[in-house]
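Peer 1: Here you go, this is protein.cif (mmCIF, C-alpha atoms and all ligand atoms).
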```cif
data_run
loop_
_atom_site.group_PDB
_atom_site.id
_atom_site.type_symbol
_atom_site.label_atom_id
_atom_site.label_comp_id
_atom_site.auth_asym_id
_atom_site.auth_seq_id
_atom_site.Cartn_x
_atom_site.Cartn_y
_atom_site.Cartn_z
ATOM 1 C CA MET C 1 0.000 0.000 0.000
ATOM 2 C CA LYS C 2 1.360 3.405 -0.958
ATOM 3 C CA ASN C 3 0.483 6.359 1.243
ATOM 4 C CA LEU C 4 0.482 10.098 0.633
ATOM 5 C CA ILE C 5 0.234 12.747 3.325
ATOM 6 C CA VAL C 6 -0.759 16.060 1.762
ATOM 7 C CA PHE C 7 -1.296 19.163 3.843
ATOM 8 C CA TYR C 8 -1.191 22.926 4.090
ATOM 9 C CA SER C 9 -0.044 24.861 7.140
ATOM 10 C CA LEU C 10 0.299 28.614 7.547
ATOM 11 C CA GLU C 11 1.549 28.733 11.129
ATOM 12 C CA GLY C 12 3.028 25.285 11.696
ATOM 13 C CA HIS C 13 0.398 23.391 13.711
ATOM 14 C CA THR C 14 -0.799 21.236 10.830
ATOM 15 C CA ARG C 15 2.833 20.699 9.737
ATOM 16 C CA PHE C 16 3.644 19.533 13.283
ATOM 17 C CA ILE C 17 0.872 16.920 13.047
ATOM 18 C CA ALA C 18 1.849 15.922 9.483
ATOM 19 C CA ASN C 19 5.413 15.289 10.641
ATOM 20 C CA ILE C 20 4.211 13.089 13.495
ATOM 21 C CA ILE C 21 2.003 11.105 11.098
ATOM 22 C CA GLU C 22 4.997 10.714 8.763
ATOM 23 C CA SER C 23 7.065 9.350 11.651
ATOM 24 C CA ILE C 24 4.439 6.627 12.147
ATOM 25 C CA VAL C 25 3.302 5.819 8.617
ATOM 26 C CA LYS C 26 5.581 5.102 5.671
ATOM 27 C CA ALA C 27 4.353 7.804 3.311
ATOM 28 C CA ASP C 28 5.338 10.491 0.848
ATOM 29 C CA LEU C 29 4.837 13.953 2.288
ATOM 30 C CA LEU C 30 3.543 16.866 0.240
ATOM 31 C CA GLU C 31 3.306 20.308 1.829
ATOM 32 C CA LEU C 32 1.132 22.556 -0.314
ATOM 33 C CA LYS C 33 2.709 25.982 -0.831
ATOM 34 C CA PRO C 34 0.740 28.800 -2.469
ATOM 35 C CA GLU C 35 2.624 31.118 -4.796
ATOM 36 C CA LYS C 36 1.241 34.035 -2.784
ATOM 37 C CA GLU C 37 1.073 33.331 0.953
ATOM 38 C CA VAL C 38 -1.437 34.921 3.350
ATOM 39 C CA PRO C 39 0.210 37.371 5.807
ATOM 40 C CA LYS C 40 1.288 35.389 8.874
ATOM 41 C CA THR C 41 0.419 38.003 11.469
ATOM 42 C CA GLY C 42 -2.154 40.563 12.481
ATOM 43 C CA PHE C 43 -5.692 41.199 11.422
ATOM 44 C CA LYS C 44 -4.797 40.879 7.725
ATOM 45 C CA LYS C 45 -4.216 37.172 8.212
ATOM 46 C CA TYR C 46 -7.848 36.618 9.244
ATOM 47 C CA LEU C 47 -9.246 39.088 6.750
ATOM 48 C CA TRP C 48 -7.390 37.769 3.719
ATOM 49 C CA GLY C 49 -7.360 34.125 4.769
ATOM 50 C CA GLY C 50 -10.987 34.136 5.884
ATOM 51 C CA LYS C 51 -12.190 35.793 2.697
ATOM 52 C CA SER C 52 -10.175 33.380 0.591
ATOM 53 C CA ALA C 53 -11.713 30.372 2.416
ATOM 54 C CA ILE C 54 -15.291 31.720 2.344
ATOM 55 C CA PHE C 55 -15.074 32.437 -1.385
ATOM 56 C CA LYS C 56 -13.532 29.004 -2.034
ATOM 57 C CA GLU C 57 -10.536 30.510 -3.738
ATOM 58 C CA LYS C 58 -8.031 28.229 -5.418
ATOM 59 C CA PRO C 59 -4.639 29.906 -5.064
ATOM 60 C CA THR C 60 -1.927 28.815 -7.499
ATOM 61 C CA LEU C 61 0.460 26.376 -5.862
ATOM 62 C CA LYS C 62 4.240 26.261 -6.183
ATOM 63 C CA ASN C 63 4.110 22.494 -5.953
ATOM 64 C CA LYS C 64 4.180 19.940 -8.691
ATOM 65 C CA ILE C 65 1.386 17.515 -7.762
ATOM 66 C CA PRO C 66 2.518 13.866 -7.896
ATOM 67 C CA GLU C 67 0.683 11.120 -9.800
ATOM 68 C CA ILE C 68 -2.227 10.435 -7.478
ATOM 69 C CA LYS C 69 -3.067 7.123 -9.104
ATOM 70 C CA GLU C 70 0.104 5.644 -7.575
ATOM 71 C CA TYR C 71 -1.348 6.008 -4.086
ATOM 72 C CA ASP C 72 -3.811 3.781 -2.225
ATOM 73 C CA ASN C 73 -4.277 5.925 0.867
ATOM 74 C CA ILE C 74 -4.324 9.715 0.928
ATOM 75 C CA ILE C 75 -4.206 11.533 4.266
ATOM 76 C CA ILE C 76 -5.200 15.184 3.875
ATOM 77 C CA GLY C 77 -4.409 17.831 6.494
ATOM 78 C CA THR C 78 -5.616 21.405 6.849
ATOM 79 C CA PRO C 79 -6.061 24.194 9.351
ATOM 80 C CA VAL C 80 -9.732 25.140 9.837
ATOM 81 C CA TRP C 81 -10.324 28.533 8.244
ATOM 82 C CA ALA C 82 -13.761 30.134 8.622
ATOM 83 C CA GLY C 83 -15.195 26.707 9.433
ATOM 84 C CA THR C 84 -13.788 25.049 6.328
ATOM 85 C CA TYR C 85 -10.541 23.770 4.805
ATOM 86 C CA ALA C 86 -7.806 26.167 3.745
ATOM 87 C CA PRO C 87 -7.703 27.427 0.123
ATOM 88 C CA PRO C 88 -4.484 25.591 -0.909
ATOM 89 C CA VAL C 89 -6.256 22.330 -0.009
ATOM 90 C CA ASN C 90 -9.149 23.502 -2.164
ATOM 91 C CA THR C 91 -6.731 23.954 -5.084
ATOM 92 C CA PHE C 92 -5.343 20.465 -4.513
ATOM 93 C CA ILE C 93 -8.694 18.676 -4.412
ATOM 94 C CA ALA C 94 -10.162 20.727 -7.276
ATOM 95 C CA HIS C 95 -7.222 20.146 -9.613
ATOM 96 C CA THR C 96 -6.484 16.528 -8.768
ATOM 97 C CA LEU C 97 -8.574 13.554 -9.794
ATOM 98 C CA ILE C 98 -9.115 11.710 -6.512
ATOM 99 C CA LYS C 99 -11.451 8.763 -7.035
ATOM 100 C CA GLY C 100 -11.731 5.302 -5.533
ATOM 101 C CA LYS C 101 -9.083 6.009 -2.884
ATOM 102 C CA ASN C 102 -8.985 5.443 0.828
ATOM 103 C CA ILE C 103 -8.770 8.875 2.363
ATOM 104 C CA ALA C 104 -8.459 10.318 5.870
ATOM 105 C CA PHE C 105 -8.451 13.851 7.193
ATOM 106 C CA PHE C 106 -6.614 15.673 9.961
ATOM 107 C CA ALA C 107 -7.112 19.273 10.985
ATOM 108 C CA CYS C 108 -5.916 21.884 13.444
ATOM 109 C CA HIS C 109 -8.151 24.622 14.762
ATOM 110 C CA GLY C 110 -8.481 27.283 17.400
ATOM 111 C CA GLY C 111 -11.235 25.545 19.335
ATOM 112 C CA GLY C 112 -14.115 25.794 16.903
ATOM 113 C CA ASP C 113 -13.819 22.053 16.075
ATOM 114 C CA ALA C 114 -13.375 20.511 12.652
ATOM 115 C CA LYS C 115 -16.635 18.676 12.006
ATOM 116 C CA LYS C 116 -17.976 21.099 9.401
ATOM 117 C CA CYS C 117 -14.602 21.168 7.684
ATOM 118 C CA PHE C 118 -14.466 17.349 7.541
ATOM 119 C CA ASP C 119 -18.083 17.186 6.296
ATOM 120 C CA LYS C 120 -17.203 19.547 3.444
ATOM 121 C CA LEU C 121 -14.104 17.571 2.511
ATOM 122 C CA THR C 122 -16.147 14.358 2.592
ATOM 123 C CA GLU C 123 -18.749 15.929 0.299
ATOM 124 C CA GLU C 124 -16.098 17.200 -2.149
ATOM 125 C CA LEU C 125 -14.367 13.816 -2.206
ATOM 126 C CA LYS C 126 -17.474 11.650 -2.199
ATOM 127 C CA ASP C 127 -16.119 9.151 -4.742
ATOM 128 C CA ASN C 128 -13.683 7.901 -2.109
ATOM 129 C CA THR C 129 -13.843 5.987 1.153
ATOM 130 C CA VAL C 130 -13.239 8.110 4.246
ATOM 131 C CA LEU C 131 -11.348 5.933 6.728
ATOM 132 C CA GLY C 132 -11.315 8.407 9.591
ATOM 133 C CA THR C 133 -10.666 11.898 10.866
ATOM 134 C CA ILE C 134 -8.699 13.451 13.710
ATOM 135 C CA ASP C 135 -8.384 17.028 14.881
ATOM 136 C CA PHE C 136 -6.328 19.041 17.327
ATOM 137 C CA LYS C 137 -6.735 22.370 19.022
ATOM 138 C CA GLU C 138 -3.493 24.337 18.566
ATOM 139 C CA PRO C 139 -1.156 21.370 19.236
ATOM 140 C CA THR C 140 2.253 22.179 20.706
ATOM 141 C CA ASP C 141 5.568 20.439 21.118
ATOM 142 C CA GLU C 142 4.901 20.169 24.862
ATOM 143 C CA ASP C 143 2.142 17.650 24.148
ATOM 144 C CA LYS C 144 4.102 15.769 21.493
ATOM 145 C CA GLU C 145 4.220 12.457 23.378
ATOM 146 C CA LYS C 146 0.489 12.432 24.097
ATOM 147 C CA ILE C 147 -0.361 13.507 20.545
ATOM 148 C CA THR C 148 1.958 10.876 19.059
ATOM 149 C CA LYS C 149 0.171 8.154 21.057
ATOM 150 C CA GLU C 150 -3.199 9.470 19.944
ATOM 151 C CA ILE C 151 -2.095 9.457 16.316
ATOM 152 C CA GLU C 152 -0.577 5.970 16.584
ATOM 153 C CA LYS C 153 -3.934 4.707 17.844
ATOM 154 C CA TRP C 154 -5.808 6.539 15.082
ATOM 155 C CA ILE C 155 -3.524 5.216 12.351
ATOM 156 C CA SER C 156 -3.864 1.648 13.623
ATOM 157 C CA THR C 157 -7.651 1.882 13.409
ATOM 158 C CA ILE C 158 -7.847 3.556 10.003
ATOM 159 C CA LEU C 159 -5.205 1.535 8.201
ATOM 160 C CA GLU C 160 -6.637 -1.773 9.473
ATOM 161 C CA LYS C 161 -9.972 -1.174 7.800
HETATM 162 C C1 LIG N 201 -7.866 32.904 8.251
HETATM 163 C C2 LIG N 201 -8.057 32.057 9.470
HETATM 164 C C3 LIG N 201 -9.319 31.591 9.798
HETATM 165 C C4 LIG N 201 -9.502 30.755 10.913
HETATM 166 N N1 LIG N 201 -10.758 30.269 11.180
HETATM 167 C C5 LIG N 201 -10.932 29.419 12.229
HETATM 168 C C6 LIG N 201 -12.217 28.836 12.493
HETATM 169 O O1 LIG N 201 -13.206 29.054 11.776
HETATM 170 N N2 LIG N 201 -12.339 28.004 13.558
HETATM 171 C C7 LIG N 201 -11.280 27.701 14.379
HETATM 172 O O2 LIG N 201 -11.445 26.957 15.342
HETATM 173 N N3 LIG N 201 -10.033 28.224 14.141
HETATM 174 C C8 LIG N 201 -9.833 29.053 13.087
HETATM 175 N N4 LIG N 201 -8.581 29.568 12.824
HETATM 176 C C9 LIG N 201 -7.439 29.133 13.661
HETATM 177 C C10 LIG N 201 -6.610 28.035 12.976
HETATM 178 O O3 LIG N 201 -7.438 26.997 12.481
HETATM 179 C C11 LIG N 201 -5.621 27.413 13.973
HETATM 180 O O4 LIG N 201 -4.795 28.419 14.506
HETATM 181 C C12 LIG N 201 -4.755 26.319 13.337
HETATM 182 O O5 LIG N 201 -4.095 25.613 14.365
HETATM 183 C C13 LIG N 201 -3.735 26.882 12.379
HETATM 184 O O6 LIG N 201 -3.051 25.827 11.744
HETATM 185 P P1 LIG N 201 -1.603 26.080 11.067
HETATM 186 O O7 LIG N 201 -0.667 26.486 12.174
HETATM 187 O O8 LIG N 201 -1.225 24.738 10.498
HETATM 188 O O9 LIG N 201 -1.733 27.135 10.027
HETATM 189 C C14 LIG N 201 -8.382 30.416 11.731
HETATM 190 C C15 LIG N 201 -7.109 30.921 11.400
HETATM 191 C C16 LIG N 201 -6.936 31.718 10.286
HETATM 192 C C17 LIG N 201 -5.564 32.225 9.930
#
```
What does this structure look like when you write it as structure tokens?
Ligand SMILES: Cc1cc2nc3c(=O)[nH]c(=O)nc-3n(C[C@H](O)[C@H](O)[C@H](O)COP(=O)(O)O)c2cc1C
Peer 2:
Amino acid sequence: MKNLIVFYSLEGHTRFIANIIESIVKADLLELKPEKEVPKTGFKKYLWGGKSAIFKEKPTLKNKIPEIKEYDNIIIGTPVWAGTYAPPVNTFIAHTLIKGKNIAFFACHGGGDAKKCFDKLTEELKDNTVLGTIDFKEPTDEDKEKITKEIEKWISTILEK
């Protein structure tokens, strides 16, 4: 089974989780990078990022997207922006034919939970089998051991199915 972890992270939380998943699962790792990044600080971050998410923008990515048909399992990670997935993830799923795959989602958020975001991803990727989801509120290095255990458990349940 070939696995792909694909994610976007503006401020590092989702990257932190992606790296832990990669330490547990043998997988290729793809970090989505928009050509034009949202400002990382201040009010502009929420204004620009929020607008971009609400209007379902598809920012151009710097990445070359790999051949998706090579992969059996695709694990997609995103921060929650305005209750949904971040725009670079929107670009990825809109421009990539993802069909008949096993997929799973992980997300980081500020406490508003990720259910709506996962529901939207599930709807967009409905020609696939969703194996599971996991989300974290602003995970930090301090909790790395606990988070790693949680992810190990999650991976063992989703990849057994
Ligand atoms: C533009 C923007 C919109 C956000 N909207 C939400 C939201 O709707 N709900 C929530 O719980 N957190 C929201 N957040 C907080 C992020 O989801 C949270 O900080 C996350 O951990 C960031 O992940 P990252 O470090 O990988 O970028 C938002 C952050 C930004 C920048």
Peer 1: May I ask which of the residues C:Asn63, C:Asn3, C:Thr84, C:Asn90 is the closest one to ligand LIG 201 (chain N), counting all atoms listed in the file?
Peer 2: C:Thr84
Peer 1: Wanna dump the chain C-ligand LIG 201 (chain N) contacts at 6 Å for me, each residue with its shortest atom pair and the distance in Å to one decimal, counting all atoms listed in the file, ordered by chain and number, as JSON lines?
Peer 2:
```
{"residue": "C:Ser9", "atom": "CA", "partner": "N:LIG201", "partner_atom": "O8", "distance": 3.6}
{"residue": "C:Leu10", "atom": "CA", "partner": "N:LIG201", "partner_atom": "O9", "distance": 3.5}
{"residue": "C:Glu11", "atom": "CA", "partner": "N:LIG201", "partner_atom": "O7", "distance": 3.3}
{"residue": "C:Gly12", "atom": "CA", "partner": "N:LIG201", "partner_atom": "O7", "distance": 3.9}
{"residue": "C:His13", "atom": "CA", "partner": "N:LIG201", "partner_atom": "O7", "distance": 3.6}
{"residue": "C:Thr14", "atom": "CA", "partner": "N:LIG201", "partner_atom": "O8", "distance": 3.5}
{"residue": "C:Arg15", "atom": "CA", "partner": "N:LIG201", "partner_atom": "O8", "distance": 5.8}
{"residue": "C:Lys45", "atom": "CA", "partner": "N:LIG201", "partner_atom": "C17", "distance": 5.4}
{"residue": "C:Tyr46", "atom": "CA", "partner": "N:LIG201", "partner_atom": "C1", "distance": 3.8}
{"residue": "C:Gly49", "atom": "CA", "partner": "N:LIG201", "partner_atom": "C1", "distance": 3.7}
{"residue": "C:Gly50", "atom": "CA", "partner": "N:LIG201", "partner_atom": "C1", "distance": 4.1}
{"residue": "C:Pro79", "atom": "CA", "partner": "N:LIG201", "partner_atom": "O6", "distance": 4.2}
{"residue": "C:Val80", "atom": "CA", "partner": "N:LIG201", "partner_atom": "O3", "distance": 4.0}
{"residue": "C:Trp81", "atom": "CA", "partner": "N:LIG201", "partner_atom": "N1", "distance": 3.4}
{"residue": "C:Ala82", "atom": "CA", "partner": "N:LIG201", "partner_atom": "O1", "distance": 3.4}
{"residue": "C:Gly83", "atom": "CA", "partner": "N:LIG201", "partner_atom": "O1", "distance": 3.9}
{"residue": "C:Cys108", "atom": "CA", "partner": "N:LIG201", "partner_atom": "O5", "distance": 4.3}
{"residue": "C:His109", "atom": "CA", "partner": "N:LIG201", "partner_atom": "O3", "distance": 3.4}
{"residue": "C:Gly110", "atom": "CA", "partner": "N:LIG201", "partner_atom": "O2", "distance": 3.6}
{"residue": "C:Gly111", "atom": "CA", "partner": "N:LIG201", "partner_atom": "O2", "distance": 4.2}
{"residue": "C:Gly112", "atom": "CA", "partner": "N:LIG201", "partner_atom": "O2", "distance": 3.3}
{"residue": "C:Asp113", "atom": "CA", "partner": "N:LIG201", "partner_atom": "O2", "distance": 5.5}
{"residue": "C:Glu138", "atom": "CA", "partner": "N:LIG201", "partner_atom": "O5", "distance": 4.4}
```
Peer 1: Using all atoms listed in the file, which of C:Ile68, C:Val38, C:Ala107, C:Leu29 sits nearest Lys137 in chain C?
Peer 2: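 Of C:Ile68, C:Val38, C:Ala107, C:Leu29, the one nearest Lys137 in chain C is C:Ala107, counting all atoms listed in the file.
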Peer 1: What is the CA of Pro66 in chain C-CA of Ile5 in chain C distance in Å, reported with one decimal?
Peer 2: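 That distance, rounded to one decimal, is 11.5 Å.
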Peer 1: I'd like the contact shell of Pro87 in chain C - 6 Å cut-off, only C-alpha atoms, skipping same-chain residues fewer than 4 positions apart - returned as a list in words.
Peer 2: Ala53, Glu57 and Lys58 of chain C
Peer 1: Can you turn the PyMOL selection byres (((chain C and resi 158) around 10) and not hetatm) into a concrete residue list for this file, as a list in words?
Peer 2: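 Going through the file, the PyMOL selection byres (((chain C and resi 158) around 10) and not hetatm) ends up selecting Asn102, Ile103, Ala104, Val130, Leu131, Gly132, Thr133, Lys153, Trp154, Ile155, Ser156, Thr157, Leu159, Glu160 and Lys161 of chain C.
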Peer 1: Do a neighbour search on Asp127 in chain C at 10 Å with all atoms listed in the file, toss out local chain neighbours closer than 4 positions, and write the hits as a PyMOL selection string.
Peer 2: chain C and resi 98-102+122-123
Peer 1: Could you check how far CA of Lys26 in chain C sits from CA of Lys62 in chain C, in Å to one decimal?
Peer 2: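 Going from CA of Lys26 in chain C over to CA of Lys62 in chain C covers 24.3 Å.
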Peer 1: Hey, which of C:Asp119, C:Phe43, C:Ile24, C:Tyr8 ends up closest to Ile151 in chain C? Count all atoms listed in the file.
Peer 2: C:Ile24
Peer 1: Between CA of Phe118 in chain C and CA of Lys64 in chain C, what distance in Å does the model show, to one decimal?
Peer 2: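 For CA of Phe118 in chain C relative to CA of Lys64 in chain C, the distance reads 24.9 Å.
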Peer 1: Just checking: using only C-alpha atoms, which residue out of C:Glu70, C:Glu142, C:Glu22, C:Glu37 ends up closest to Lys2 in chain C?
Peer 2: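 Closest residue, counting only C-alpha atoms: C:Glu70.
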Peer 1: Could you list the residues chosen by the PyMOL selection byres (((chain C and resi 36) around 10) and not hetatm) in this structure as a list in words?
Peer 2: Lys33, Pro34, Glu35, Glu37, Val38, Pro39, Pro59, Thr60, Leu61 and Lys62 of chain C
Peer 1: My list of candidates is C:Lys120, C:Val89, C:Thr148, C:Ile75. Which is closest to Ala27 in chain C when distances are computed with all atoms listed in the file?
Peer 2: C:Ile75
Peer 1: Can you report as lines of an AutoDock Vina configuration file the centre and edge lengths in Å, to one decimal, of an axis-aligned box around the listed atoms of range 66-72 of chain C padded with 4 Å on each side?
Peer 2:
```
center_x = -0.6
center_y = 8.8
center_z = -6.0
size_x = 14.3
size_y = 18.1
size_z = 15.6
```
Peer 1: Name the residues in contact with Asp141 in chain C at a cut-off of 10 Å, using all atoms listed in the file, excluding same-chain residues fewer than 6 positions from it; report them as a VMD selection string.
Peer 2: chain C and resid 13 16 to 17 147
Peer 1: Given all atoms listed in the file as the basis, pick out the residue of C:Glu145, C:Phe106, C:Leu32, C:Asn19 nearest to Ile93 in chain C.
Peer 2: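 Answer, going by the shortest atom-to-atom distance: C:Leu32.
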